[in-house]
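Q: What follows is the file protein_4.cif, containing mmCIF, N, CA and C atoms:
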data_data
#
loop_
_atom_site.label_atom_id
_atom_site.label_comp_id
_atom_site.auth_asym_id
_atom_site.auth_seq_id
_atom_site.Cartn_x
_atom_site.Cartn_y
_atom_site.Cartn_z
N MET A 1 -17.77 8.80 -11.24
CA MET A 1 -16.37 8.94 -10.87
C MET A 1 -15.89 7.64 -10.22
N ARG A 2 -14.79 7.10 -10.72
CA ARG A 2 -14.22 5.87 -10.18
C ARG A 2 -13.15 6.21 -9.14
N VAL A 3 -13.38 5.77 -7.90
CA VAL A 3 -12.45 6.02 -6.80
C VAL A 3 -11.62 4.76 -6.58
N GLY A 4 -10.31 4.94 -6.65
CA GLY A 4 -9.39 3.82 -6.44
C GLY A 4 -8.66 3.97 -5.13
N GLY A 5 -8.23 2.85 -4.61
CA GLY A 5 -7.46 2.86 -3.37
C GLY A 5 -6.19 2.04 -3.54
N ALA A 6 -5.16 2.46 -2.85
CA ALA A 6 -3.90 1.73 -2.80
C ALA A 6 -3.43 1.77 -1.35
N ILE A 7 -2.92 0.65 -0.87
CA ILE A 7 -2.46 0.61 0.51
C ILE A 7 -1.04 0.05 0.57
N GLY A 8 -0.29 0.55 1.52
CA GLY A 8 1.08 0.09 1.69
C GLY A 8 1.77 0.88 2.77
N VAL A 9 3.04 0.57 2.98
CA VAL A 9 3.83 1.27 3.97
C VAL A 9 4.43 2.53 3.36
N PHE A 10 4.96 2.40 2.16
CA PHE A 10 5.59 3.52 1.44
C PHE A 10 6.72 4.13 2.25
N ASP A 11 7.50 3.26 2.92
CA ASP A 11 8.66 3.71 3.65
C ASP A 11 9.81 3.82 2.66
N LEU A 12 10.73 4.72 2.88
CA LEU A 12 11.84 4.95 1.97
C LEU A 12 11.30 5.08 0.54
N LEU A 13 10.45 6.05 0.35
CA LEU A 13 9.77 6.28 -0.92
C LEU A 13 10.75 6.18 -2.09
N HIS A 14 10.44 5.33 -3.06
CA HIS A 14 11.34 5.08 -4.18
C HIS A 14 10.55 5.02 -5.49
N VAL A 15 11.27 4.86 -6.59
CA VAL A 15 10.65 4.92 -7.91
C VAL A 15 9.63 3.79 -8.11
N GLY A 16 9.81 2.65 -7.47
CA GLY A 16 8.82 1.58 -7.56
C GLY A 16 7.49 2.02 -6.98
N HIS A 17 7.52 2.72 -5.84
CA HIS A 17 6.30 3.27 -5.26
C HIS A 17 5.65 4.26 -6.22
N LEU A 18 6.47 5.16 -6.76
CA LEU A 18 5.95 6.18 -7.68
C LEU A 18 5.29 5.54 -8.89
N ARG A 19 5.95 4.58 -9.51
CA ARG A 19 5.38 3.91 -10.70
C ARG A 19 4.08 3.19 -10.37
N PHE A 20 4.04 2.55 -9.21
CA PHE A 20 2.82 1.87 -8.77
C PHE A 20 1.67 2.86 -8.62
N LEU A 21 1.92 3.98 -7.94
CA LEU A 21 0.86 4.97 -7.71
C LEU A 21 0.45 5.66 -9.00
N GLN A 22 1.40 5.92 -9.88
CA GLN A 22 1.05 6.51 -11.18
C GLN A 22 0.20 5.56 -12.00
N ALA A 23 0.54 4.27 -12.00
CA ALA A 23 -0.25 3.28 -12.74
C ALA A 23 -1.65 3.17 -12.16
N ALA A 24 -1.76 3.25 -10.84
CA ALA A 24 -3.08 3.20 -10.20
C ALA A 24 -3.91 4.42 -10.60
N ARG A 25 -3.32 5.58 -10.51
CA ARG A 25 -4.05 6.82 -10.82
C ARG A 25 -4.51 6.86 -12.27
N ALA A 26 -3.75 6.23 -13.16
CA ALA A 26 -4.12 6.20 -14.58
C ALA A 26 -5.40 5.39 -14.82
N GLN A 27 -5.80 4.58 -13.83
CA GLN A 27 -6.97 3.72 -13.99
C GLN A 27 -8.16 4.14 -13.13
N CYS A 28 -8.08 5.33 -12.54
CA CYS A 28 -9.21 5.81 -11.76
C CYS A 28 -9.27 7.33 -11.85
N ASP A 29 -10.38 7.89 -11.39
CA ASP A 29 -10.55 9.35 -11.41
C ASP A 29 -10.03 10.02 -10.15
N TYR A 30 -9.95 9.27 -9.07
CA TYR A 30 -9.57 9.81 -7.77
C TYR A 30 -8.83 8.71 -7.04
N LEU A 31 -7.62 8.98 -6.58
CA LEU A 31 -6.81 7.95 -5.92
C LEU A 31 -6.60 8.27 -4.45
N LYS A 32 -7.06 7.34 -3.61
CA LYS A 32 -6.82 7.39 -2.16
C LYS A 32 -5.69 6.43 -1.84
N VAL A 33 -4.81 6.85 -0.95
CA VAL A 33 -3.71 5.98 -0.53
C VAL A 33 -3.77 5.84 0.98
N GLY A 34 -3.78 4.60 1.42
CA GLY A 34 -3.73 4.29 2.85
C GLY A 34 -2.33 3.83 3.22
N LEU A 35 -1.75 4.47 4.19
CA LEU A 35 -0.40 4.13 4.64
C LEU A 35 -0.47 3.42 5.98
N GLY A 36 0.22 2.30 6.08
CA GLY A 36 0.25 1.56 7.33
C GLY A 36 0.92 2.35 8.43
N ALA A 37 0.24 2.48 9.55
CA ALA A 37 0.77 3.21 10.71
C ALA A 37 2.02 2.51 11.25
N ASP A 38 2.89 3.28 11.87
CA ASP A 38 4.13 2.75 12.43
C ASP A 38 3.86 1.55 13.35
N ARG A 39 2.90 1.69 14.23
CA ARG A 39 2.57 0.63 15.19
C ARG A 39 2.16 -0.66 14.48
N LEU A 40 1.42 -0.53 13.41
CA LEU A 40 0.99 -1.70 12.64
C LEU A 40 2.19 -2.40 12.01
N MET A 41 3.12 -1.64 11.47
CA MET A 41 4.29 -2.23 10.82
C MET A 41 5.16 -2.96 11.84
N GLN A 42 5.28 -2.40 13.03
CA GLN A 42 6.05 -3.07 14.07
C GLN A 42 5.37 -4.38 14.47
N ARG A 43 4.05 -4.34 14.55
CA ARG A 43 3.28 -5.52 14.97
C ARG A 43 3.22 -6.58 13.87
N SER A 44 2.98 -6.18 12.62
CA SER A 44 2.74 -7.17 11.57
C SER A 44 4.01 -7.62 10.84
N LYS A 45 4.97 -6.72 10.68
CA LYS A 45 6.18 -7.08 9.93
C LYS A 45 7.42 -7.16 10.80
N GLY A 46 7.30 -6.73 12.05
CA GLY A 46 8.45 -6.75 12.93
C GLY A 46 9.51 -5.72 12.57
N ILE A 47 9.11 -4.70 11.83
CA ILE A 47 10.07 -3.64 11.47
C ILE A 47 9.52 -2.28 11.88
N ARG A 48 10.43 -1.40 12.13
CA ARG A 48 10.05 -0.03 12.43
C ARG A 48 10.36 0.78 11.17
N PRO A 49 9.39 1.46 10.59
CA PRO A 49 9.68 2.26 9.40
C PRO A 49 10.77 3.28 9.67
N VAL A 50 11.58 3.56 8.67
CA VAL A 50 12.64 4.54 8.79
C VAL A 50 12.05 5.94 8.85
N ILE A 51 11.06 6.18 8.01
CA ILE A 51 10.38 7.48 7.96
C ILE A 51 9.09 7.36 8.77
N GLU A 52 8.91 8.21 9.76
CA GLU A 52 7.72 8.08 10.62
C GLU A 52 6.44 8.37 9.84
N GLN A 53 5.34 7.84 10.35
CA GLN A 53 4.07 7.79 9.62
C GLN A 53 3.56 9.13 9.12
N ASP A 54 3.62 10.18 9.91
CA ASP A 54 3.09 11.46 9.46
C ASP A 54 3.92 12.04 8.32
N GLN A 55 5.22 11.81 8.34
CA GLN A 55 6.06 12.28 7.25
C GLN A 55 5.83 11.44 5.99
N ARG A 56 5.65 10.12 6.14
CA ARG A 56 5.34 9.27 4.98
C ARG A 56 4.02 9.70 4.35
N ARG A 57 3.02 9.97 5.20
CA ARG A 57 1.73 10.41 4.67
C ARG A 57 1.87 11.73 3.92
N GLU A 58 2.63 12.66 4.47
CA GLU A 58 2.83 13.96 3.83
C GLU A 58 3.55 13.81 2.48
N LEU A 59 4.56 12.97 2.43
CA LEU A 59 5.29 12.74 1.18
C LEU A 59 4.38 12.15 0.10
N VAL A 60 3.64 11.12 0.46
CA VAL A 60 2.75 10.47 -0.51
C VAL A 60 1.64 11.42 -0.95
N ALA A 61 1.08 12.16 -0.01
CA ALA A 61 0.00 13.11 -0.34
C ALA A 61 0.48 14.19 -1.31
N ALA A 62 1.77 14.51 -1.27
CA ALA A 62 2.32 15.56 -2.14
C ALA A 62 2.52 15.10 -3.58
N LEU A 63 2.44 13.81 -3.84
CA LEU A 63 2.61 13.32 -5.21
C LEU A 63 1.43 13.75 -6.07
N ARG A 64 1.70 14.18 -7.26
CA ARG A 64 0.66 14.67 -8.17
C ARG A 64 -0.40 13.61 -8.47
N CYS A 65 -0.01 12.35 -8.47
CA CYS A 65 -0.94 11.27 -8.81
C CYS A 65 -1.86 10.88 -7.65
N VAL A 66 -1.61 11.39 -6.47
CA VAL A 66 -2.39 11.04 -5.27
C VAL A 66 -3.34 12.17 -4.92
N ASP A 67 -4.61 11.82 -4.74
CA ASP A 67 -5.62 12.81 -4.38
C ASP A 67 -5.85 12.92 -2.88
N GLU A 68 -5.59 11.83 -2.16
CA GLU A 68 -5.86 11.80 -0.72
C GLU A 68 -4.99 10.72 -0.09
N ALA A 69 -4.46 11.00 1.09
CA ALA A 69 -3.66 10.00 1.81
C ALA A 69 -4.07 9.99 3.27
N CYS A 70 -4.17 8.79 3.82
CA CYS A 70 -4.54 8.65 5.23
C CYS A 70 -3.73 7.50 5.84
N LEU A 71 -3.76 7.41 7.14
CA LEU A 71 -3.11 6.32 7.86
C LEU A 71 -4.14 5.25 8.19
N PHE A 72 -3.69 4.00 8.20
CA PHE A 72 -4.56 2.93 8.69
C PHE A 72 -3.77 2.08 9.68
N ASP A 73 -4.50 1.50 10.62
CA ASP A 73 -3.86 0.75 11.70
C ASP A 73 -4.52 -0.62 11.87
N ILE A 74 -4.93 -1.20 10.75
CA ILE A 74 -5.54 -2.53 10.80
C ILE A 74 -4.68 -3.48 9.97
N GLY A 75 -4.60 -4.71 10.41
CA GLY A 75 -3.83 -5.69 9.65
C GLY A 75 -4.68 -6.32 8.55
N LEU A 76 -4.10 -6.45 7.37
CA LEU A 76 -4.84 -7.04 6.25
C LEU A 76 -4.97 -8.55 6.39
N ASP A 77 -4.23 -9.16 7.31
CA ASP A 77 -4.35 -10.59 7.52
C ASP A 77 -5.65 -10.95 8.24
N ASN A 78 -6.23 -9.99 8.95
CA ASN A 78 -7.54 -10.19 9.58
C ASN A 78 -8.60 -9.78 8.55
N THR A 79 -9.09 -10.73 7.79
CA THR A 79 -9.95 -10.47 6.65
C THR A 79 -11.18 -9.64 7.01
N GLU A 80 -11.87 -9.99 8.08
CA GLU A 80 -13.10 -9.28 8.43
C GLU A 80 -12.84 -7.82 8.81
N THR A 81 -11.80 -7.60 9.60
CA THR A 81 -11.46 -6.23 10.01
C THR A 81 -11.01 -5.41 8.80
N ALA A 82 -10.18 -6.01 7.95
CA ALA A 82 -9.71 -5.32 6.75
C ALA A 82 -10.88 -4.99 5.83
N LEU A 83 -11.78 -5.95 5.64
CA LEU A 83 -12.94 -5.73 4.78
C LEU A 83 -13.80 -4.59 5.32
N SER A 84 -14.03 -4.57 6.60
CA SER A 84 -14.82 -3.52 7.22
C SER A 84 -14.17 -2.15 6.99
N TRP A 85 -12.86 -2.06 7.20
CA TRP A 85 -12.16 -0.79 7.00
C TRP A 85 -12.25 -0.34 5.55
N LEU A 86 -12.04 -1.27 4.62
CA LEU A 86 -12.08 -0.92 3.19
C LEU A 86 -13.48 -0.49 2.76
N LEU A 87 -14.51 -1.10 3.31
CA LEU A 87 -15.88 -0.70 2.98
C LEU A 87 -16.20 0.69 3.53
N ASP A 88 -15.62 1.02 4.68
CA ASP A 88 -15.84 2.34 5.27
C ASP A 88 -14.99 3.42 4.60
N TRP A 89 -13.96 3.01 3.86
CA TRP A 89 -13.03 3.98 3.28
C TRP A 89 -13.71 4.89 2.29
N PRO A 90 -14.56 4.69 1.45
CA PRO A 90 -14.85 3.59 0.54
C PRO A 90 -14.14 3.80 -0.81
N VAL A 91 -13.95 2.71 -1.55
CA VAL A 91 -13.35 2.76 -2.89
C VAL A 91 -14.12 1.83 -3.81
N ASP A 92 -13.99 2.08 -5.12
CA ASP A 92 -14.61 1.21 -6.13
C ASP A 92 -13.67 0.09 -6.55
N CYS A 93 -12.38 0.36 -6.45
CA CYS A 93 -11.38 -0.64 -6.83
C CYS A 93 -10.16 -0.46 -5.93
N LEU A 94 -9.42 -1.52 -5.80
CA LEU A 94 -8.24 -1.51 -4.96
C LEU A 94 -7.06 -1.98 -5.80
N PHE A 95 -5.99 -1.20 -5.83
CA PHE A 95 -4.80 -1.53 -6.59
C PHE A 95 -3.81 -2.24 -5.68
N VAL A 96 -3.31 -3.37 -6.18
CA VAL A 96 -2.41 -4.21 -5.39
C VAL A 96 -1.23 -4.60 -6.28
N GLY A 97 -0.06 -4.63 -5.71
CA GLY A 97 1.12 -5.07 -6.44
C GLY A 97 1.01 -6.55 -6.78
N ARG A 98 1.35 -6.89 -8.00
CA ARG A 98 1.24 -8.28 -8.47
C ARG A 98 2.07 -9.24 -7.62
N ASP A 99 3.09 -8.74 -6.94
CA ASP A 99 3.92 -9.59 -6.08
C ASP A 99 3.14 -10.16 -4.90
N TRP A 100 1.97 -9.60 -4.60
CA TRP A 100 1.12 -10.10 -3.51
C TRP A 100 0.03 -11.06 -3.99
N ALA A 101 -0.05 -11.30 -5.29
CA ALA A 101 -1.18 -12.03 -5.87
C ALA A 101 -1.41 -13.41 -5.26
N ASP A 102 -0.38 -14.14 -4.94
CA ASP A 102 -0.55 -15.50 -4.42
C ASP A 102 -0.51 -15.58 -2.90
N SER A 103 -0.50 -14.44 -2.23
CA SER A 103 -0.41 -14.46 -0.77
C SER A 103 -1.75 -14.90 -0.17
N PRO A 104 -1.69 -15.60 0.95
CA PRO A 104 -2.93 -16.04 1.61
C PRO A 104 -3.86 -14.87 1.93
N ARG A 105 -3.29 -13.74 2.35
CA ARG A 105 -4.14 -12.59 2.72
C ARG A 105 -5.00 -12.16 1.54
N TRP A 106 -4.42 -12.06 0.35
CA TRP A 106 -5.19 -11.59 -0.80
C TRP A 106 -6.05 -12.70 -1.40
N GLN A 107 -5.68 -13.95 -1.23
CA GLN A 107 -6.55 -15.05 -1.67
C GLN A 107 -7.83 -15.07 -0.85
N ARG A 108 -7.75 -14.64 0.40
CA ARG A 108 -8.95 -14.54 1.25
C ARG A 108 -9.71 -13.24 1.00
N LEU A 109 -8.97 -12.14 0.86
CA LEU A 109 -9.60 -10.82 0.80
C LEU A 109 -10.21 -10.50 -0.57
N GLU A 110 -9.56 -10.89 -1.65
CA GLU A 110 -10.05 -10.53 -2.98
C GLU A 110 -11.49 -11.01 -3.25
N PRO A 111 -11.84 -12.27 -2.98
CA PRO A 111 -13.22 -12.68 -3.24
C PRO A 111 -14.24 -11.95 -2.35
N ARG A 112 -13.84 -11.64 -1.13
CA ARG A 112 -14.75 -10.90 -0.23
C ARG A 112 -14.98 -9.49 -0.74
N LEU A 113 -13.93 -8.85 -1.27
CA LEU A 113 -14.08 -7.52 -1.86
C LEU A 113 -14.97 -7.59 -3.10
N ALA A 114 -14.77 -8.61 -3.92
CA ALA A 114 -15.58 -8.78 -5.14
C ALA A 114 -17.06 -8.92 -4.79
N GLU A 115 -17.37 -9.63 -3.70
CA GLU A 115 -18.76 -9.75 -3.26
C GLU A 115 -19.38 -8.39 -2.95
N GLN A 116 -18.55 -7.44 -2.56
CA GLN A 116 -19.01 -6.09 -2.20
C GLN A 116 -18.89 -5.12 -3.38
N GLY A 117 -18.52 -5.64 -4.56
CA GLY A 117 -18.42 -4.80 -5.75
C GLY A 117 -17.11 -4.02 -5.86
N ILE A 118 -16.09 -4.41 -5.10
CA ILE A 118 -14.79 -3.76 -5.16
C ILE A 118 -13.83 -4.66 -5.92
N ASP A 119 -13.34 -4.16 -7.05
CA ASP A 119 -12.41 -4.93 -7.88
C ASP A 119 -10.99 -4.79 -7.37
N CYS A 120 -10.23 -5.88 -7.37
CA CYS A 120 -8.79 -5.83 -7.13
C CYS A 120 -8.13 -5.75 -8.49
N ILE A 121 -7.30 -4.77 -8.67
CA ILE A 121 -6.58 -4.58 -9.92
C ILE A 121 -5.10 -4.78 -9.61
N TRP A 122 -4.52 -5.78 -10.25
CA TRP A 122 -3.15 -6.18 -9.97
C TRP A 122 -2.20 -5.40 -10.88
N LEU A 123 -1.29 -4.67 -10.26
CA LEU A 123 -0.34 -3.84 -10.99
C LEU A 123 1.06 -4.46 -10.94
N PRO A 124 1.85 -4.19 -11.98
CA PRO A 124 3.19 -4.77 -12.03
C PRO A 124 4.07 -4.30 -10.87
N TYR A 125 4.94 -5.20 -10.48
CA TYR A 125 5.95 -4.93 -9.46
C TYR A 125 7.20 -4.45 -10.20
N THR A 126 7.89 -3.46 -9.66
CA THR A 126 9.13 -2.99 -10.26
C THR A 126 10.26 -3.85 -9.71
N PRO A 127 10.78 -4.77 -10.51
CA PRO A 127 11.80 -5.70 -10.00
C PRO A 127 13.07 -4.98 -9.56
N GLY A 128 13.66 -5.50 -8.49
CA GLY A 128 14.93 -5.00 -8.02
C GLY A 128 14.86 -3.72 -7.20
N ILE A 129 13.67 -3.19 -6.99
CA ILE A 129 13.52 -1.96 -6.23
C ILE A 129 12.55 -2.21 -5.08
N SER A 130 13.04 -2.06 -3.85
CA SER A 130 12.16 -2.22 -2.70
C SER A 130 12.78 -1.52 -1.50
N SER A 131 11.95 -1.16 -0.55
CA SER A 131 12.46 -0.57 0.69
C SER A 131 13.35 -1.56 1.42
N SER A 132 12.99 -2.85 1.37
CA SER A 132 13.81 -3.87 2.04
C SER A 132 15.20 -3.94 1.42
N ALA A 133 15.28 -3.88 0.10
CA ALA A 133 16.58 -3.91 -0.59
C ALA A 133 17.40 -2.67 -0.23
N ILE A 134 16.75 -1.52 -0.14
CA ILE A 134 17.45 -0.29 0.23
C ILE A 134 18.00 -0.42 1.66
N ARG A 135 17.17 -0.96 2.57
CA ARG A 135 17.63 -1.17 3.95
C ARG A 135 18.85 -2.09 4.00
N GLN A 136 18.79 -3.19 3.23
CA GLN A 136 19.91 -4.14 3.21
C GLN A 136 21.18 -3.47 2.68
N ARG A 137 21.04 -2.69 1.62
CA ARG A 137 22.20 -2.00 1.05
C ARG A 137 22.79 -1.02 2.06
N LEU A 138 21.95 -0.30 2.76
CA LEU A 138 22.44 0.66 3.77
C LEU A 138 23.17 -0.07 4.90
N ARG A 139 22.63 -1.23 5.34
CA ARG A 139 23.29 -2.01 6.38
C ARG A 139 24.66 -2.49 5.92
N ALA A 140 24.70 -3.00 4.68
CA ALA A 140 25.95 -3.52 4.14
C ALA A 140 26.99 -2.40 4.03
N GLU A 141 26.58 -1.25 3.59
CA GLU A 141 27.51 -0.11 3.46
C GLU A 141 27.99 0.35 4.83
N ARG A 142 27.11 0.32 5.81
CA ARG A 142 27.47 0.72 7.17
C ARG A 142 28.48 -0.26 7.76
N ASP A 143 28.29 -1.56 7.47
CA ASP A 143 29.15 -2.59 8.03
C ASP A 143 30.50 -2.69 7.34
N ASP A 144 30.63 -2.09 6.16
CA ASP A 144 31.93 -2.14 5.42
C ASP A 144 32.96 -1.25 6.02
#
Before we go any further, please render this structure as structure tokens.
A:
Amino acid sequence: MRVGGAIGVFDLLHVGHLRFLQAARAQCDYLKVGLGADRLMQRSKGIRPVIEQDQRRELVAALRCVDEACLFDIGLDNTETALSWLLDWPVDCLFVGRDWADSPRWQRLEPRLAEQGIDCIWLPYTPGISSSAIRQRLRAERDD
């Protein structure tokens, strides 16, 4: 059985998230999803999620393509801590949005995961759809 993992915030759940998780599930037998805890998002991205962590986890867990959902509170920029958490999770492969492919975090983390037998599988990004874009649109509409 191939166990896959996907990690993200999944705030303001949208069709891009759904397509990403469906594509991930199509390539594994069991899909685990790790959602960044509210505190982590405030610390690492400087934003407070609109939907609080327990509700985000419940929404993602309810998707047919997701077998398991949990919260994580580690930053992926700290390679050793992230690697340790991912090894303890455990998964055979990790699905990542292609929009992150050239980021320093994944340039450091991907080879370390490969050394441990965990493949990074890069999935397409849904252009024009993001939680950030939704937030910007809501702000603009509020300010009008």
Q: Applied to the shown file, which residues does the PyMOL selection byres ((chain A and resi 11) around 6.5) return, written as a PyMOL selection string?
A: chain A and resi 8-10+12-14+49-51+131
Q: Output as a PyMOL selection string all residues of chain A that backbone DSSP marks as alpha helix (DSSP H).
A: chain A and resi 15-25+38-44+53-61+79-88+104-115+131-143
Q: Near region 26-38 of chain A, within 6.5 Å and counting all atoms listed in the file, which residues show up once chain neighbours fewer than 2 positions away are dropped, as an MDAnalysis selection string?
A: chainID A and resid 1:10 21:24 40:43 48:49 53 65:74
Q: Chain A: which residues are strand (DSSP E or B) by DSSP, as a list of chain:residue names?
A: A:Val3, A:Gly4, A:Gly5, A:Ala6, A:Ile7, A:Gly8, A:Tyr30, A:Leu31, A:Lys32, A:Val33, A:Gly34, A:Leu35, A:Gly36, A:Glu68, A:Ala69, A:Cys70, A:Leu71, A:Phe72, A:Cys93, A:Leu94, A:Phe95, A:Val96, A:Gly97, A:Asp119, A:Cys120, A:Ile121, A:Trp122, A:Leu123
Q: Rounded to one decimal place, report the CA of Pro124 (chain A)-CA of Val96 (chain A) distance in Å.
A: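 If I compute the distance from CA of Pro124 (chain A) to CA of Val96 (chain A), I get 8.7 Å.
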Q: Please write the residues picked by the PyMOL selection byres (((chain A and resi 134 and name CA) around 12) and name CA) on this file as number ranges by chain.
A: A: 11-16, 50, 128-133, 135-141
Q: Could you expand the PyMOL selection byres (((chain A and resi 79 and name CA) around 9) and name CA) into the explicit residues it covers here, written as a list in words?
A: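 Selection result, ordered by chain and number: Gly75, Leu76, Asp77, Asn78, Glu80, Thr81, Ala82, Leu83, Ser84, Arg105, Trp106, Arg108, Leu109 and Arg112 of chain A.
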Q: For the atom pair CA of Trp122 (chain A) and CA of Ile47 (chain A), what is the interatomic distance in Å to one decimal place?
A: 25.3 Å
Q: Expressed in Å to a single decimal, how great is the separation between atom C of Glu110 (chain A) and CA of Leu18 (chain A)?
A: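 Going from atom C of Glu110 (chain A) over to CA of Leu18 (chain A) covers 24.9 Å.
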Q: Between A:His17, A:Val60, A:Val91, A:Asp99, which residue has the minimum interatomic distance to Tyr125 (chain A), considering all atoms listed in the file?
A: A:Asp99
Q: Looking at all atoms listed in the file, which of A:Arg98, A:Cys93, A:Leu87, A:Glu52 is the one that sits closest to Thr126 (chain A)?
A: A:Arg98
